[in-house]
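Asks: As input, take input-v9.pdb (PDB, C-alpha atoms and all ligand atoms):
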```pdb
MODEL        1
ATOM      1  CA  MET A 189      27.571 -11.356 -12.080  1.00  0.00           C
ATOM      2  CA  LEU A 190      24.469 -10.281 -14.022  1.00  0.00           C
ATOM      3  CA  ASP A 191      22.118 -12.675 -15.775  1.00  0.00           C
ATOM      4  CA  ARG A 192      22.338 -12.723 -19.555  1.00  0.00           C
ATOM      5  CA  ASP A 193      18.551 -12.336 -19.922  1.00  0.00           C
ATOM      6  CA  ILE A 194      18.634  -9.117 -17.882  1.00  0.00           C
ATOM      7  CA  VAL A 195      21.421  -7.734 -20.042  1.00  0.00           C
ATOM      8  CA  ALA A 196      19.460  -8.574 -23.178  1.00  0.00           C
ATOM      9  CA  GLU A 197      16.124  -7.235 -21.966  1.00  0.00           C
ATOM     10  CA  TYR A 198      16.981  -3.832 -20.486  1.00  0.00           C
ATOM     11  CA  LYS A 199      18.567  -0.705 -21.899  1.00  0.00           C
ATOM     12  CA  LEU A 200      21.494   0.707 -19.999  1.00  0.00           C
ATOM     13  CA  ASP A 201      21.291   4.188 -18.517  1.00  0.00           C
ATOM     14  CA  HIS A 202      24.800   5.460 -17.955  1.00  0.00           C
ATOM     15  CA  ASP A 203      23.588   8.445 -15.923  1.00  0.00           C
ATOM     16  CA  PHE A 204      21.804   6.228 -13.429  1.00  0.00           C
ATOM     17  CA  LEU A 205      24.811   5.721 -11.187  1.00  0.00           C
ATOM     18  CA  SER A 206      25.418   9.467 -10.822  1.00  0.00           C
ATOM     19  CA  GLU A 207      21.745   9.903 -10.011  1.00  0.00           C
ATOM     20  CA  ILE A 208      22.004   7.260  -7.291  1.00  0.00           C
ATOM     21  CA  TYR A 209      25.146   8.916  -5.920  1.00  0.00           C
ATOM     22  CA  ALA A 210      23.076  12.067  -5.409  1.00  0.00           C
ATOM     23  CA  LEU A 211      20.491  10.233  -3.272  1.00  0.00           C
ATOM     24  CA  PRO A 212      20.826  10.107   0.525  1.00  0.00           C
ATOM     25  CA  GLY A 213      23.404   7.359   1.216  1.00  0.00           C
ATOM     26  CA  GLY A 214      23.699   6.590  -2.492  1.00  0.00           C
ATOM     27  CA  ARG A 215      27.372   7.504  -2.840  1.00  0.00           C
ATOM     28  CA  GLU A 216      28.272   4.671  -0.473  1.00  0.00           C
ATOM     29  CA  ILE A 217      27.534   2.154  -3.218  1.00  0.00           C
ATOM     30  CA  LYS A 218      30.999   3.058  -4.506  1.00  0.00           C
ATOM     31  CA  LYS A 219      32.528   1.203  -1.569  1.00  0.00           C
ATOM     32  CA  CYS A 220      30.736  -2.099  -2.295  1.00  0.00           C
ATOM     33  CA  ILE A 221      33.137  -4.975  -2.873  1.00  0.00           C
ATOM     34  CA  GLN A 222      30.386  -7.381  -3.952  1.00  0.00           C
ATOM     35  CA  CYS A 223      31.156  -9.790  -1.124  1.00  0.00           C
ATOM     36  CA  GLY A 224      27.517 -10.907  -0.905  1.00  0.00           C
ATOM     37  CA  THR A 225      27.287 -10.747   2.891  1.00  0.00           C
ATOM     38  CA  CYS A 226      24.173  -8.572   2.594  1.00  0.00           C
ATOM     39  CA  SER A 227      22.283 -10.935   0.305  1.00  0.00           C
ATOM     40  CA  SER A 228      23.198 -14.021   2.266  1.00  0.00           C
ATOM     41  CA  SER A 229      22.105 -12.307   5.519  1.00  0.00           C
ATOM     42  CA  CYS A 230      18.877 -10.845   4.175  1.00  0.00           C
ATOM     43  CA  PRO A 231      15.871 -12.766   5.542  1.00  0.00           C
ATOM     44  CA  LEU A 232      13.795 -11.765   2.521  1.00  0.00           C
ATOM     45  CA  SER A 233      16.201 -12.244  -0.354  1.00  0.00           C
ATOM     46  CA  TYR A 234      14.418 -15.479  -1.267  1.00  0.00           C
ATOM     47  CA  VAL A 235      11.342 -13.502  -2.389  1.00  0.00           C
ATOM     48  CA  MET A 236      13.242 -10.574  -3.898  1.00  0.00           C
ATOM     49  CA  ASP A 237      13.864 -10.263  -7.629  1.00  0.00           C
ATOM     50  CA  HIS A 238      17.481  -9.457  -6.733  1.00  0.00           C
ATOM     51  CA  GLY A 239      19.305  -9.479  -3.405  1.00  0.00           C
ATOM     52  CA  PRO A 240      20.991  -6.249  -2.245  1.00  0.00           C
ATOM     53  CA  ARG A 241      24.398  -7.251  -3.642  1.00  0.00           C
ATOM     54  CA  LYS A 242      22.947  -7.771  -7.095  1.00  0.00           C
ATOM     55  CA  MET A 243      20.948  -4.532  -6.856  1.00  0.00           C
ATOM     56  CA  PHE A 244      24.179  -2.630  -6.349  1.00  0.00           C
ATOM     57  CA  SER A 245      25.765  -4.436  -9.254  1.00  0.00           C
ATOM     58  CA  LEU A 246      22.775  -3.560 -11.473  1.00  0.00           C
ATOM     59  CA  ILE A 247      22.932   0.080 -10.362  1.00  0.00           C
ATOM     60  CA  ARG A 248      26.612   0.315 -11.220  1.00  0.00           C
ATOM     61  CA  ALA A 249      25.979  -1.188 -14.629  1.00  0.00           C
ATOM     62  CA  GLY A 250      23.136   1.265 -15.358  1.00  0.00           C
ATOM     63  CA  PHE A 251      20.079  -1.011 -15.255  1.00  0.00           C
ATOM     64  CA  ARG A 252      17.693   1.728 -14.223  1.00  0.00           C
ATOM     65  CA  GLU A 253      14.465   0.042 -15.266  1.00  0.00           C
ATOM     66  CA  GLU A 254      15.377  -3.299 -13.722  1.00  0.00           C
ATOM     67  CA  VAL A 255      16.304  -1.690 -10.401  1.00  0.00           C
ATOM     68  CA  LEU A 256      13.368   0.707 -10.066  1.00  0.00           C
ATOM     69  CA  SER A 257      10.751  -1.789 -11.155  1.00  0.00           C
ATOM     70  CA  SER A 258      12.102  -4.683  -9.074  1.00  0.00           C
ATOM     71  CA  ASN A 259      10.185  -5.971  -6.075  1.00  0.00           C
ATOM     72  CA  THR A 260      13.382  -5.872  -3.982  1.00  0.00           C
ATOM     73  CA  ILE A 261      12.919  -2.351  -2.696  1.00  0.00           C
ATOM     74  CA  TRP A 262       9.351  -3.131  -1.654  1.00  0.00           C
ATOM     75  CA  PHE A 263      10.140  -6.420   0.037  1.00  0.00           C
ATOM     76  CA  CYS A 264      12.928  -4.859   2.097  1.00  0.00           C
ATOM     77  CA  SER A 265      11.525  -4.812   5.620  1.00  0.00           C
ATOM     78  CA  SER A 266      14.182  -2.415   6.976  1.00  0.00           C
ATOM     79  CA  CYS A 267      15.512  -4.994   9.408  1.00  0.00           C
ATOM     80  CA  TYR A 268      19.050  -3.531   9.023  1.00  0.00           C
ATOM     81  CA  THR A 269      20.722  -6.978   9.167  1.00  0.00           C
ATOM     82  CA  CYS A 270      22.577  -6.292   5.920  1.00  0.00           C
ATOM     83  CA  ALA A 271      23.741  -2.850   7.051  1.00  0.00           C
ATOM     84  CA  VAL A 272      25.015  -4.182  10.370  1.00  0.00           C
ATOM     85  CA  ARG A 273      26.990  -6.968   8.677  1.00  0.00           C
ATOM     86  CA  CYS A 274      28.332  -5.093   5.649  1.00  0.00           C
ATOM     87  CA  PRO A 275      32.158  -5.037   5.952  1.00  0.00           C
ATOM     88  CA  LYS A 276      32.232  -1.639   4.225  1.00  0.00           C
ATOM     89  CA  ASP A 277      29.632  -0.048   6.537  1.00  0.00           C
ATOM     90  CA  ILE A 278      27.328   0.745   3.662  1.00  0.00           C
ATOM     91  CA  LYS A 279      23.917   1.937   4.824  1.00  0.00           C
ATOM     92  CA  ILE A 280      22.105  -0.512   2.596  1.00  0.00           C
ATOM     93  CA  THR A 281      18.697  -0.001   4.198  1.00  0.00           C
ATOM     94  CA  ASP A 282      18.912   3.757   3.628  1.00  0.00           C
ATOM     95  CA  VAL A 283      19.753   3.158  -0.005  1.00  0.00           C
ATOM     96  CA  MET A 284      16.676   0.933  -0.286  1.00  0.00           C
ATOM     97  CA  TYR A 285      14.575   3.788   1.115  1.00  0.00           C
ATOM     98  CA  ALA A 286      16.088   6.227  -1.342  1.00  0.00           C
ATOM     99  CA  LEU A 287      15.325   3.821  -4.198  1.00  0.00           C
ATOM    100  CA  LYS A 288      11.718   3.535  -2.996  1.00  0.00           C
ATOM    101  CA  ARG A 289      11.349   7.295  -3.141  1.00  0.00           C
ATOM    102  CA  LEU A 290      12.826   7.406  -6.626  1.00  0.00           C
ATOM    103  CA  ALA A 291      10.562   4.563  -7.810  1.00  0.00           C
ATOM    104  CA  VAL A 292       7.500   6.405  -6.460  1.00  0.00           C
ATOM    105  CA  LYS A 293       8.649   9.654  -8.058  1.00  0.00           C
ATOM    106  CA  GLU A 294       9.038   7.924 -11.422  1.00  0.00           C
ATOM    107  CA  GLY A 295       5.731   6.060 -11.210  1.00  0.00           C
ATOM    108  CA  LYS A 296       7.299   2.582 -11.124  1.00  0.00           C
ATOM    109  CA  THR A 297       4.824   1.307  -8.560  1.00  0.00           C
ATOM    110  CA  LYS A 298       1.958   0.044 -10.711  1.00  0.00           C
ATOM    111  CA  GLY A 299       0.555  -3.294  -9.528  1.00  0.00           C
ATOM    112  CA  LYS A 300       2.841  -3.491  -6.484  1.00  0.00           C
ATOM    113  CA  LYS A 301       0.817  -4.489  -3.448  1.00  0.00           C
ATOM    114  CA  ALA A 302       3.640  -3.640  -1.080  1.00  0.00           C
ATOM    115  CA  VAL A 303       3.349  -0.025  -2.248  1.00  0.00           C
ATOM    116  CA  VAL A 304      -0.287   0.091  -1.116  1.00  0.00           C
ATOM    117  CA  LEU A 305       0.770  -1.222   2.283  1.00  0.00           C
ATOM    118  CA  SER A 306       3.660   1.203   2.515  1.00  0.00           C
ATOM    119  CA  ARG A 307       1.550   4.230   1.482  1.00  0.00           C
ATOM    120  CA  ASN A 308      -1.165   3.406   3.996  1.00  0.00           C
ATOM    121  CA  PHE A 309       1.356   2.769   6.764  1.00  0.00           C
ATOM    122  CA  ALA A 310       2.758   6.254   6.148  1.00  0.00           C
ATOM    123  CA  ARG A 311      -0.790   7.601   6.244  1.00  0.00           C
ATOM    124  CA  MET A 312      -1.378   5.959   9.656  1.00  0.00           C
ATOM    125  CA  VAL A 313       1.802   7.438  11.086  1.00  0.00           C
ATOM    126  CA  ASN A 314       1.025  10.882   9.660  1.00  0.00           C
ATOM    127  CA  THR A 315      -2.489  10.792  11.107  1.00  0.00           C
ATOM    128  CA  TYR A 316      -2.097   9.052  14.457  1.00  0.00           C
ATOM    129  CA  GLY A 317       1.647   9.115  15.098  1.00  0.00           C
ATOM    130  CA  ARG A 318       1.663   5.320  15.125  1.00  0.00           C
ATOM    131  CA  ASN A 319       0.277   2.387  13.230  1.00  0.00           C
ATOM    132  CA  HIS A 320      -3.344   1.298  13.576  1.00  0.00           C
ATOM    133  CA  GLU A 321      -3.229  -2.315  12.372  1.00  0.00           C
ATOM    134  CA  THR A 322      -6.987  -2.756  11.892  1.00  0.00           C
ATOM    135  CA  GLU A 323      -7.370   0.295   9.670  1.00  0.00           C
ATOM    136  CA  LEU A 324      -4.138  -0.490   7.840  1.00  0.00           C
ATOM    137  CA  MET A 325      -5.314  -4.005   6.964  1.00  0.00           C
ATOM    138  CA  ALA A 326      -8.789  -2.767   5.989  1.00  0.00           C
ATOM    139  CA  ARG A 327      -7.321  -0.161   3.642  1.00  0.00           C
ATOM    140  CA  TYR A 328      -4.863  -2.651   2.186  1.00  0.00           C
ATOM    141  CA  ILE A 329      -7.582  -5.236   1.547  1.00  0.00           C
ATOM    142  CA  LEU A 330      -9.897  -2.726  -0.112  1.00  0.00           C
ATOM    143  CA  GLU A 331      -7.204  -1.247  -2.332  1.00  0.00           C
ATOM    144  CA  ALA A 332      -5.010  -4.204  -3.173  1.00  0.00           C
ATOM    145  CA  ASP A 333      -6.269  -7.637  -2.448  1.00  0.00           C
ATOM    146  CA  LEU A 334      -9.978  -7.974  -1.814  1.00  0.00           C
ATOM    147  CA  LEU A 335     -10.428 -11.524  -3.152  1.00  0.00           C
ATOM    148  CA  HIS A 336      -7.294 -12.989  -1.635  1.00  0.00           C
ATOM    149  CA  ALA A 337      -8.008 -11.283   1.672  1.00  0.00           C
ATOM    150  CA  LEU A 338     -11.361 -13.028   2.114  1.00  0.00           C
ATOM    151  CA  LYS A 339      -9.408 -16.137   3.104  1.00  0.00           C
ATOM    152  CA  PHE A 340      -8.149 -14.286   6.161  1.00  0.00           C
ATOM    153  CA  VAL A 341     -11.558 -13.194   7.449  1.00  0.00           C
ATOM    154  CA  PRO A 342     -11.791 -16.023  10.052  1.00  0.00           C
ATOM    155  CA  GLN A 343      -8.324 -15.189  11.417  1.00  0.00           C
ATOM    156  CA  GLY A 344      -9.096 -11.461  11.467  1.00  0.00           C
ATOM    157  CA  TRP A 345     -12.342 -12.132  13.299  1.00  0.00           C
ATOM    158  CA  LYS A 346     -10.540 -14.241  15.936  1.00  0.00           C
ATOM    159  CA  LEU A 347      -7.980 -11.491  16.455  1.00  0.00           C
ATOM    160  CA  LEU A 348     -10.729  -8.902  16.882  1.00  0.00           C
ATOM    161  CA  VAL A 349     -12.706 -11.053  19.304  1.00  0.00           C
ATOM    162  CA  ASN A 350      -9.569 -11.728  21.351  1.00  0.00           C
ATOM    163  CA  ARG A 351      -8.727  -8.004  21.356  1.00  0.00           C
ATOM    164  CA  ARG A 352      -5.504  -8.547  19.469  1.00  0.00           C
ATOM    165  CA  LEU A 353      -6.595  -5.989  16.862  1.00  0.00           C
ATOM    166  CA  PRO A 354      -7.613  -2.617  18.276  1.00  0.00           C
ATOM    167  CA  LEU A 355     -10.884  -1.387  16.815  1.00  0.00           C
ATOM    168  CA  PHE A 356     -10.132   2.300  17.322  1.00  0.00           C
ATOM    169  CA  PRO A 357      -6.842   4.126  16.742  1.00  0.00           C
ATOM    170  CA  HIS A 358      -4.853   5.702  19.561  1.00  0.00           C
ATOM    171  CA  ARG A 359      -3.495   9.051  18.557  1.00  0.00           C
ATOM    172  CA  MET A 360      -0.061   9.896  19.865  1.00  0.00           C
ATOM    173  CA  LYS A 361       0.306  12.856  22.223  1.00  0.00           C
ATOM    174  CA  ASN A 362       2.254  15.817  20.809  1.00  0.00           C
ATOM    175  CA  MET A 363       1.256  15.139  17.202  1.00  0.00           C
ATOM    176  CA  ASP A 364       2.239  18.724  16.335  1.00  0.00           C
ATOM    177  CA  GLN A 365       5.841  17.985  17.225  1.00  0.00           C
ATOM    178  CA  LEU A 366       5.844  14.767  15.240  1.00  0.00           C
ATOM    179  CA  LYS A 367       4.407  16.583  12.216  1.00  0.00           C
ATOM    180  CA  LYS A 368       7.210  19.146  12.426  1.00  0.00           C
ATOM    181  CA  ILE A 369       9.768  16.316  12.463  1.00  0.00           C
ATOM    182  CA  LEU A 370       8.099  14.565   9.518  1.00  0.00           C
ATOM    183  CA  ARG A 371       8.043  17.820   7.527  1.00  0.00           C
ATOM    184  CA  LYS A 372      11.755  18.271   8.194  1.00  0.00           C
ATOM    185  CA  VAL A 373      12.473  14.672   7.156  1.00  0.00           C
ATOM    186  CA  ASP A 374      10.557  15.305   3.928  1.00  0.00           C
ATOM    187  CA  GLU A 375      12.635  18.406   3.219  1.00  0.00           C
ATOM    188  CA  LEU A 376      15.911  16.600   3.902  1.00  0.00           C
ATOM    189  CA  GLY A 377      14.950  13.557   1.871  1.00  0.00           C
ATOM    190  CA  GLU A 378      13.883  15.561  -1.166  1.00  0.00           C
ATOM    191  CA  ILE A 379      15.379  14.143  -4.377  1.00  0.00           C
TER     192      ILE A 379
HETATM  193  S1  LIG B   1      27.779  -6.606   2.280  1.00  0.00           S
HETATM  194 FE1  LIG B   1      28.362  -4.534   1.712  1.00  0.00          FE
HETATM  195  S2  LIG B   1      30.245  -4.738   0.535  1.00  0.00           S
HETATM  196 FE2  LIG B   1      29.299  -6.781   0.639  1.00  0.00          FE
HETATM  197  S3  LIG B   1      28.052  -6.912  -1.236  1.00  0.00           S
HETATM  198 FE3  LIG B   1      26.723  -6.153   0.353  1.00  0.00          FE
HETATM  199  S4  LIG B   1      26.843  -3.918   0.191  1.00  0.00           S
HETATM  200 FE4  LIG B   1      28.572  -4.767  -0.932  1.00  0.00          FE
HETATM  201  S1  LIG B   2      17.315  -4.196   5.543  1.00  0.00           S
HETATM  202 FE1  LIG B   2      16.189  -4.967   3.750  1.00  0.00          FE
HETATM  203  S2  LIG B   2      17.778  -5.644   2.328  1.00  0.00           S
HETATM  204 FE2  LIG B   2      18.722  -5.452   4.332  1.00  0.00          FE
HETATM  205  S3  LIG B   2      18.630  -7.474   5.252  1.00  0.00           S
HETATM  206 FE3  LIG B   2      16.823  -6.369   5.959  1.00  0.00          FE
HETATM  207  S4  LIG B   2      15.227  -6.857   4.463  1.00  0.00           S
HETATM  208 FE4  LIG B   2      17.183  -7.437   3.528  1.00  0.00          FE
ENDMDL
END
```
What do you get writing this file as structure tokens?
Ligand code: SF4
Ligand code: SF4
Replies:
Amino acid sequence: MLDRDIVAEYKLDHDFLSEIYALPGGREIKKCIQCGTCSSSCPLSYVMDHGPRKMFSLIRAGFREEVLSSNTIWFCSSCYTCAVRCPKDIKITDVMYALKRLAVKEGKTKGKKAVVLSRNFARMVNTYGRNHETELMARYILEADLLHALKFVPQGWKLLVNRRLPLFPHRMKNMDQLKKILRKVDELGEI
């Protein structure tokens, strides 16, 4: 069921569903029986604007703006719990990824801190072939959350001193091969 305030606030886009069908994994939404297993299994649904079940319901009803500007797609941590438990074998996590790409493409990311984290994580992987936590956190703090982050300075310092945060990145061997794979993924995921 959809909330009345959502129905009142947003315009419906009747082409949205066909657009989602064209995304990687998007057509699977058709199979959703709205059982709610995904939302009740999702460890992060309590901070999401809408759980996965409701996202699919909103997509079907044409709530483009509500879906693409929701925090749900950015809070999804890709844990795959929902996808493993879905009785219809819907690749929910892949749909979340596809929605992220669409939201980025349509500029629906303003003010979303998770986007800064996500973009910089991708940058780490593209540069080093793996994450470099220290640089990732530094970039995130500078771009998204300088004031709030100051509270975490003592913890960060302790982690550094205890060598739990590596100061320098370790670049993966065979970066050329990884770059080829990432280029191919980009081509395949093009929307
Ligand atoms: S678990 Fe699968 S079928 Fe059930 S609501 Fe979620 S996506 Fe739909
Ligand atoms: S993959 Fe995302 S939506 Fe699914 S259970 Fe994990 S966090 Fe929730």
Asks: For the file shown, report as number ranges by chain the outcome of the PyMOL selection byres (((not hetatm)) within 9 of (chain B and resi 1)) at residue level.
Replies: A: 216-229, 239-242, 244-245, 270-280
Asks: Could you list the protein, DNA and RNA residues that have any atom within 6 Å of ligand LIG 2 (chain B), counting all atoms listed in the file, and write them as a PDB file with C-alpha atoms, keeping the file's coordinate frame?
Replies:
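So the final result, stored in result_27.pdb, reads:
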```
ATOM      1  CA  SER A 229      22.105 -12.307   5.519  1.00  0.00           C
ATOM      2  CA  CYS A 230      18.877 -10.845   4.175  1.00  0.00           C
ATOM      3  CA  PRO A 231      15.871 -12.766   5.542  1.00  0.00           C
ATOM      4  CA  LEU A 232      13.795 -11.765   2.521  1.00  0.00           C
ATOM      5  CA  PRO A 240      20.991  -6.249  -2.245  1.00  0.00           C
ATOM      6  CA  CYS A 264      12.928  -4.859   2.097  1.00  0.00           C
ATOM      7  CA  SER A 265      11.525  -4.812   5.620  1.00  0.00           C
ATOM      8  CA  SER A 266      14.182  -2.415   6.976  1.00  0.00           C
ATOM      9  CA  CYS A 267      15.512  -4.994   9.408  1.00  0.00           C
ATOM     10  CA  TYR A 268      19.050  -3.531   9.023  1.00  0.00           C
ATOM     11  CA  THR A 269      20.722  -6.978   9.167  1.00  0.00           C
ATOM     12  CA  CYS A 270      22.577  -6.292   5.920  1.00  0.00           C
ATOM     13  CA  THR A 281      18.697  -0.001   4.198  1.00  0.00           C
TER      14      THR A 281
END
```
Asks: Evaluating the PyMOL selection byres (((chain A and resi 205) around 10) and not hetatm) on the displayed file yields which residues, as a PyMOL selection string?
Replies: chain A and resi 201-204+206-210+214-215+217-218+244+246-252
Asks: Counting all atoms listed in the file, which residue out of A:Arg352, A:Lys372, A:Thr297, A:Leu366 sits closest to A:Glu321?
Replies: A:Arg352
Asks: Give me the residues near stretch 303-308 of chain A as a list in words, where near means some atom within 8 Å (using all atoms listed in the file) and where sequence neighbours in that chain fewer than 5 positions away do not count.
Replies: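 Surrounding residues, per the criterion: Trp262, Thr297, Leu324, Arg327, Tyr328, Glu331 and Ala332 of chain A.
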Asks: Please enumerate the residues selected by the PyMOL selection byres (((chain A and resi 354) around 12) and not hetatm) when evaluated against the supplied file, formatted as a list in words.
Replies: Asn319, His320, Glu321, Thr322, Glu323, Leu324, Met325, Gly344, Trp345, Leu347, Leu348, Val349, Asn350, Arg351, Arg352, Leu353, Leu355, Phe356, Pro357 and His358 of chain A
Asks: For A:Gly317, which residue out of A:Arg359, A:Ile261, A:Met236, A:Ile369 is the nearest one, using only C-alpha atoms?
Replies: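 Among the listed residues, the smallest separation from A:Gly317 belongs to A:Arg359.
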Asks: Record the distance separating atom CA of A:Met243 and atom CA of A:Val255, expressed in Å with one decimal.
Replies: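 Taking atom CA of A:Met243 and atom CA of A:Val255, their separation equals 6.5 Å.
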Asks: Have a look at atom CA of A:Met312 and atom CA of A:Met284 and let me know their distance in Å, one decimal.
Replies: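 Between atom CA of A:Met312 and atom CA of A:Met284 the gap is 21.2 Å.
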Asks: Interatomic distance between atom CA of A:Ser258 and atom CA of A:Val235?
Replies: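 Computing it gives 11.1 Å between the two atoms.
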Asks: Compare A:Ala326, A:Arg371, A:Leu211, A:Met363 by their minimum atom-to-atom distance to A:Phe309, counting all atoms listed in the file, and give me the closest one.
Replies: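 Checking each candidate against A:Phe309, we get A:Ala326 as the closest.
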Asks: Need the axis-aligned box for stretch 233-238 of chain A with 5 Å each side, so what are the centre and edges in Å to one decimal, as lines of an AutoDock Vina configuration file?
Replies:
```
center_x = 14.4
center_y = -12.5
center_z = -4.0
size_x = 16.1
size_y = 16.0
size_z = 17.3
```
